[in-house]
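Raw data-v8.tsv, TSV, C-alpha atoms:
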chain	number	residue	atom	x	y	z
A	204	ASN	CA	22.82	7.45	8.39
A	205	PHE	CA	25.93	6.54	6.48
A	206	LEU	CA	27.83	5.38	9.55
A	207	HIS	CA	25.54	2.33	9.49
A	208	GLU	CA	27.23	-0.07	7.07
A	209	PRO	CA	24.00	-1.56	5.61
A	210	ASN	CA	22.96	1.95	4.50
A	211	TYR	CA	26.29	2.66	2.83
A	212	ASP	CA	26.19	-0.72	1.11
A	213	ALA	CA	22.64	-0.02	-0.13
A	214	VAL	CA	23.81	3.23	-1.75
A	215	LEU	CA	26.76	1.44	-3.33
A	216	TYR	CA	24.40	-1.24	-4.67
A	217	LEU	CA	22.04	1.40	-6.07
A	218	LYS	CA	24.88	3.26	-7.74
A	219	GLN	CA	26.54	0.23	-9.32
A	220	SER	CA	23.68	-2.13	-10.10
A	221	ILE	CA	20.17	-0.68	-9.86
A	222	TRP	CA	20.30	2.98	-10.90
A	223	PRO	CA	21.89	2.32	-14.33
A	224	LEU	CA	19.01	-0.07	-15.14
A	225	ILE	CA	16.40	2.50	-14.10
A	226	ARG	CA	18.08	5.31	-16.05
A	227	LEU	CA	17.93	3.23	-19.23
A	228	LYS	CA	14.11	3.45	-19.09
A	229	LEU	CA	13.79	6.80	-17.27
A	230	PRO	CA	16.70	8.87	-18.61
A	231	ASP	CA	15.52	12.11	-16.99
A	232	ALA	CA	14.81	10.63	-13.55
A	233	GLU	CA	16.85	11.57	-10.51
A	234	LEU	CA	17.66	9.56	-7.42
A	235	HIS	CA	18.16	11.66	-4.30
A	236	ILE	CA	20.04	10.01	-1.44
A	237	TYR	CA	19.56	11.35	2.08
A	238	GLY	CA	21.42	10.47	5.23
A	239	ALA	CA	23.48	11.94	8.01
A	240	TYR	CA	27.24	11.64	8.34
A	241	GLU	CA	28.03	11.41	4.65
A	242	SER	CA	31.73	10.98	4.16
A	243	HIS	CA	33.88	11.29	1.05
A	244	LYS	CA	33.25	7.61	0.30
A	245	VAL	CA	29.54	8.53	-0.06
A	246	THR	CA	29.80	11.98	-1.65
A	247	GLN	CA	32.08	10.59	-4.38
A	248	PHE	CA	28.98	8.84	-5.77
A	249	ASN	CA	27.28	12.17	-6.43
A	250	ASN	CA	26.84	12.61	-10.17
A	251	GLU	CA	24.22	15.08	-11.37
A	252	LYS	CA	24.76	14.06	-15.00
A	253	GLU	CA	23.68	10.51	-14.06
A	254	GLY	CA	20.86	11.84	-11.87
A	255	PHE	CA	22.45	10.23	-8.80
A	256	ILE	CA	22.45	13.02	-6.23
A	257	ILE	CA	23.73	12.78	-2.66
A	258	LYS	CA	21.66	15.24	-0.62
A	259	GLY	CA	23.05	14.40	2.83
A	260	PHE	CA	21.25	15.21	6.06
A	261	ALA	CA	17.52	16.00	5.89
A	262	ASP	CA	16.38	18.57	8.44
A	263	ASP	CA	12.88	17.07	8.50
A	264	VAL	CA	12.39	13.53	7.23
A	265	ASN	CA	8.63	14.03	6.80
A	266	GLN	CA	8.91	17.21	4.72
A	267	THR	CA	11.57	15.52	2.64
A	268	MET	CA	9.93	12.11	2.17
A	269	GLU	CA	6.51	13.44	1.22
A	270	LYS	CA	8.00	15.12	-1.87
A	271	TYR	CA	9.12	11.86	-3.45
A	272	ARG	CA	7.27	9.29	-5.52
A	273	VAL	CA	9.21	6.10	-4.68
A	274	CYS	CA	11.50	5.00	-1.87
A	275	LEU	CA	14.25	2.53	-2.81
A	276	ALA	CA	15.40	0.44	0.17
A	277	THR	CA	17.99	-1.89	-1.30
A	278	LEU	CA	19.44	-3.25	1.92
A	279	ARG	CA	21.47	-6.43	1.45
A	280	PHE	CA	22.15	-7.10	5.14
A	281	GLY	CA	21.01	-5.81	8.52
A	282	ALA	CA	18.31	-6.64	11.02
A	283	GLY	CA	15.33	-5.14	12.79
A	284	LEU	CA	12.49	-2.91	11.70
A	285	LYS	CA	13.54	-0.38	9.10
A	286	GLY	CA	12.69	3.17	10.10
A	287	LYS	CA	13.07	4.38	6.51
A	288	LEU	CA	10.13	2.16	5.52
A	289	ILE	CA	7.95	3.46	8.34
A	290	ASP	CA	8.88	7.03	7.37
A	291	ALA	CA	7.91	6.27	3.78
A	292	MET	CA	4.53	4.82	4.81
A	293	GLN	CA	3.80	7.79	7.08
A	294	ASN	CA	4.40	10.11	4.16
A	295	GLY	CA	2.55	8.13	1.51
A	296	THR	CA	5.65	7.07	-0.40
A	297	PRO	CA	5.47	3.50	-1.76
A	298	CYS	CA	8.69	1.45	-1.66
A	299	ILE	CA	10.74	-1.01	-3.61
A	300	MET	CA	12.69	-3.04	-1.09
A	301	THR	CA	14.81	-6.12	-0.77
A	302	SER	CA	13.65	-9.05	1.35
A	303	ILE	CA	16.19	-7.96	3.99
A	304	ALA	CA	14.57	-4.51	4.16
A	305	ALA	CA	11.09	-6.05	4.38
A	306	GLU	CA	11.92	-8.44	7.24
A	307	GLY	CA	9.45	-8.05	10.09
A	308	MET	CA	7.65	-5.12	8.53
A	309	PHE	CA	4.43	-6.46	7.09
A	310	GLY	CA	3.25	-9.66	8.78
A	311	GLY	CA	0.27	-10.80	6.73
A	312	SER	CA	-0.46	-7.30	5.40
A	313	LYS	CA	-0.11	-6.23	1.79
A	314	VAL	CA	3.24	-4.57	1.17
A	315	ASN	CA	3.38	-0.84	0.37
A	316	GLY	CA	5.22	-1.55	-2.85
A	317	PHE	CA	7.30	-4.49	-4.02
A	318	VAL	CA	9.82	-6.84	-2.44
A	319	GLU	CA	12.50	-7.94	-4.91
A	320	ASP	CA	16.06	-9.21	-4.69
A	321	ASN	CA	16.98	-9.45	-8.37
A	322	ASP	CA	18.64	-6.32	-9.81
A	323	GLN	CA	16.52	-6.23	-12.96
A	324	GLU	CA	13.28	-6.89	-11.05
A	325	ILE	CA	14.08	-4.13	-8.54
A	326	ALA	CA	14.57	-1.74	-11.45
A	327	ASN	CA	11.47	-2.96	-13.31
A	328	LYS	CA	9.23	-2.63	-10.25
A	329	ALA	CA	10.65	0.81	-9.42
A	330	ILE	CA	9.85	1.96	-12.95
A	331	GLU	CA	6.37	0.42	-12.81
A	332	LEU	CA	5.62	2.04	-9.47
A	333	TYR	CA	6.96	5.38	-10.69
A	334	LYS	CA	4.93	5.38	-13.91
A	335	ASN	CA	1.65	3.63	-13.02
A	336	GLU	CA	-0.64	5.90	-11.01
A	337	THR	CA	-3.10	3.10	-10.15
A	338	ILE	CA	-0.43	0.78	-8.77
A	339	TRP	CA	1.20	3.70	-6.96
A	340	SER	CA	-2.10	4.70	-5.29
A	341	GLU	CA	-2.90	1.13	-4.25
A	342	ASN	CA	0.51	0.74	-2.66
A	343	GLN	CA	0.26	4.11	-0.93
A	344	GLU	CA	-3.02	2.93	0.62
A	345	ASN	CA	-1.38	-0.35	1.64
A	346	GLY	CA	1.19	1.67	3.57
A	347	PHE	CA	-1.46	3.66	5.41
A	348	GLU	CA	-3.31	0.43	6.23
A	349	ILE	CA	-0.14	-1.15	7.64
A	350	LEU	CA	0.45	1.87	9.87
A	351	ASN	CA	-3.15	1.82	11.10
A	352	THR	CA	-3.09	-1.88	11.95
A	353	ARG	CA	0.39	-3.24	12.51
A	354	PHE	CA	2.09	-0.10	13.88
A	355	ASN	CA	-0.78	1.74	15.61
A	356	LYS	CA	0.34	2.26	19.20
A	357	ASN	CA	-3.27	2.36	20.39
A	358	ASN	CA	-3.55	-1.32	19.51
A	359	PHE	CA	-0.79	-2.13	22.00
A	360	LEU	CA	-1.07	0.38	24.86
A	361	ASN	CA	-3.37	-1.61	27.13
A	362	SER	CA	-1.34	-4.80	26.98
A	363	PHE	CA	1.87	-2.80	27.35
A	364	PHE	CA	0.65	-1.05	30.52
A	365	LYS	CA	-0.69	-4.33	31.92
A	366	GLN	CA	2.71	-5.90	31.36
A	367	ILE	CA	4.41	-3.03	33.19
A	368	GLU	CA	1.96	-3.29	36.11
A	369	THR	CA	2.58	-7.01	36.55
A	370	THR	CA	6.34	-6.80	36.38
Starting from the file, lay out its structure as structure tokens.
Amino acid sequence: NFLHEPNYDAVLYLKQSIWPLIRLKLPDAELHIYGAYESHKVTQFNNEKEGFIIKGFADDVNQTMEKYRVCLATLRFGAGLKGKLIDAMQNGTPCIMTSIAAEGMFGGSKVNGFVEDNDQEIANKAIELYKNETIWSENQENGFEILNTRFNKNNFLNSFFKQIETT
């Protein structure tokens, strides 16, 4: 949601630094931004001519996310697991993310996309992931594998219930 400052900052960063680089190579591409509580400071970024479209609240994150080819998570600050990355993995959408966005998400697993902090590299990897079906499919599979290993609740239920019983 846009009340969370790291999310607003990520949209600002996309608008000013990353999206223009992507549009140079993919002039017909569109970037759709979703999030609740969009204010004027967010909606002012909407520019259909530039392909930068603020969509606002999504009624169903899964129905929305599964329609897209790449998730851009350009967080520059914040902490904790990033729900947007888990949503993307659940819906088979590979990601380009900053190291801040990736914190704590993957352990030793292969990432479901690319982790980059340089503007040009973020744009280059987004374009590569968007255009290259083989790389896209491999990263989609990485996301499913991460969910089935690192975030599968069945792997943690027994120890969780034992911890509750002993406390």
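Minimum distance to Asn204 (chain A) across A:Ser242, A:Asn315, A:Asn294, A:Asn327 (counting all atoms listed in the file) occurs at A:Ser242.
Put simply, CA of Asp320 (chain A) is 21.6 Å away from CA of Glu233 (chain A).
Closest approach to Asn321 (chain A) among A:Met300, A:Asn355, A:Thr370, A:Gly283: A:Met300, based on all atoms listed in the file.
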(Q) Taking all atoms listed in the file into account, name the residue in A:Pro297, A:Gly346, A:Gly310, A:Gly259 that is nearest to Phe205 (chain A). (A) A:Gly259
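Proximity to Tyr216 (chain A) was assessed for A:Asn249, A:Ser340, A:Gln323, A:Thr277 counting only C-alpha atoms; the smallest distance is recorded for A:Thr277.
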Q.
Here is a test: counting only C-alpha atoms, which residue of A:Ile225, A:Thr246, A:Thr301, A:Ala291 is nearest to Ala329 (chain A)?
A. A:Ile225
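Reported to one decimal place, the separation of CA of Glu208 (chain A) from CA of Arg353 (chain A) is 27.6 Å.
Nearest residue to Leu288 (chain A), choosing from A:Leu234, A:Phe354, A:Lys328, A:Leu229 and counting all atoms listed in the file: A:Phe354.
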Q: Just the residues within 9 Å of Ser312 (chain A), please, counting all atoms listed in the file, with nothing from its chain fewer than 6 positions along; format it as a ChimeraX atom specification.
A: /A:345,348-349,352-353
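Taking CA of Asp322 (chain A) and CA of Lys270 (chain A) as endpoints, the distance between them is 25.2 Å.
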Using the incomplete input, complete region 312-334 of chain A to the level of N, CA and C atoms; output as a CSV table (one decimal), in the frame of the given file.
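Written file, part-v7.csv:
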chain,number,residue,atom,x,y,z
A,312,SER,N,0.1,-8.4,6.1
A,312,SER,CA,-0.5,-7.3,5.4
A,312,SER,C,0.1,-7.2,4.0
A,313,LYS,N,-0.6,-6.5,3.1
A,313,LYS,CA,-0.1,-6.2,1.8
A,313,LYS,C,1.0,-5.2,1.9
A,314,VAL,N,2.1,-5.4,1.1
A,314,VAL,CA,3.2,-4.6,1.2
A,314,VAL,C,2.9,-3.2,0.5
A,315,ASN,N,3.6,-2.2,1.0
A,315,ASN,CA,3.4,-0.8,0.4
A,315,ASN,C,4.3,-0.6,-0.8
A,316,GLY,N,4.4,-1.6,-1.7
A,316,GLY,CA,5.2,-1.6,-2.8
A,316,GLY,C,5.6,-3.0,-3.3
A,317,PHE,N,6.9,-3.2,-3.5
A,317,PHE,CA,7.3,-4.5,-4.0
A,317,PHE,C,8.5,-4.9,-3.3
A,318,VAL,N,8.6,-6.2,-3.0
A,318,VAL,CA,9.8,-6.8,-2.4
A,318,VAL,C,10.5,-7.7,-3.5
A,319,GLU,N,11.7,-7.3,-3.8
A,319,GLU,CA,12.5,-7.9,-4.9
A,319,GLU,C,14.0,-8.0,-4.5
A,320,ASP,N,14.6,-9.1,-5.0
A,320,ASP,CA,16.1,-9.2,-4.7
A,320,ASP,C,16.9,-9.3,-6.0
A,321,ASN,N,16.3,-9.4,-7.1
A,321,ASN,CA,17.0,-9.4,-8.4
A,321,ASN,C,17.1,-8.0,-8.9
A,322,ASP,N,18.3,-7.7,-9.3
A,322,ASP,CA,18.6,-6.3,-9.8
A,322,ASP,C,17.6,-5.8,-10.8
A,323,GLN,N,17.4,-6.6,-11.9
A,323,GLN,CA,16.5,-6.2,-13.0
A,323,GLN,C,15.1,-6.1,-12.5
A,324,GLU,N,14.6,-7.0,-11.6
A,324,GLU,CA,13.3,-6.9,-11.0
A,324,GLU,C,13.1,-5.7,-10.1
A,325,ILE,N,14.1,-5.4,-9.4
A,325,ILE,CA,14.1,-4.1,-8.5
A,325,ILE,C,13.9,-2.9,-9.5
A,326,ALA,N,14.7,-2.9,-10.5
A,326,ALA,CA,14.6,-1.7,-11.4
A,326,ALA,C,13.2,-1.7,-12.1
A,327,ASN,N,12.8,-2.9,-12.6
A,327,ASN,CA,11.5,-3.0,-13.3
A,327,ASN,C,10.3,-2.5,-12.4
A,328,LYS,N,10.3,-3.0,-11.2
A,328,LYS,CA,9.2,-2.6,-10.2
A,328,LYS,C,9.3,-1.2,-9.9
A,329,ALA,N,10.5,-0.6,-9.7
A,329,ALA,CA,10.6,0.8,-9.4
A,329,ALA,C,10.1,1.6,-10.6
A,330,ILE,N,10.4,1.3,-11.8
A,330,ILE,CA,9.8,2.0,-13.0
A,330,ILE,C,8.3,1.8,-13.0
A,331,GLU,N,7.8,0.6,-12.8
A,331,GLU,CA,6.4,0.4,-12.8
A,331,GLU,C,5.7,1.3,-11.7
A,332,LEU,N,6.2,1.3,-10.6
A,332,LEU,CA,5.6,2.0,-9.5
A,332,LEU,C,5.7,3.5,-9.8
A,333,TYR,N,6.8,4.0,-10.4
A,333,TYR,CA,7.0,5.4,-10.7
A,333,TYR,C,6.0,5.8,-11.8
A,334,LYS,N,5.7,5.0,-12.7
A,334,LYS,CA,4.9,5.4,-13.9
A,334,LYS,C,3.4,5.1,-13.8
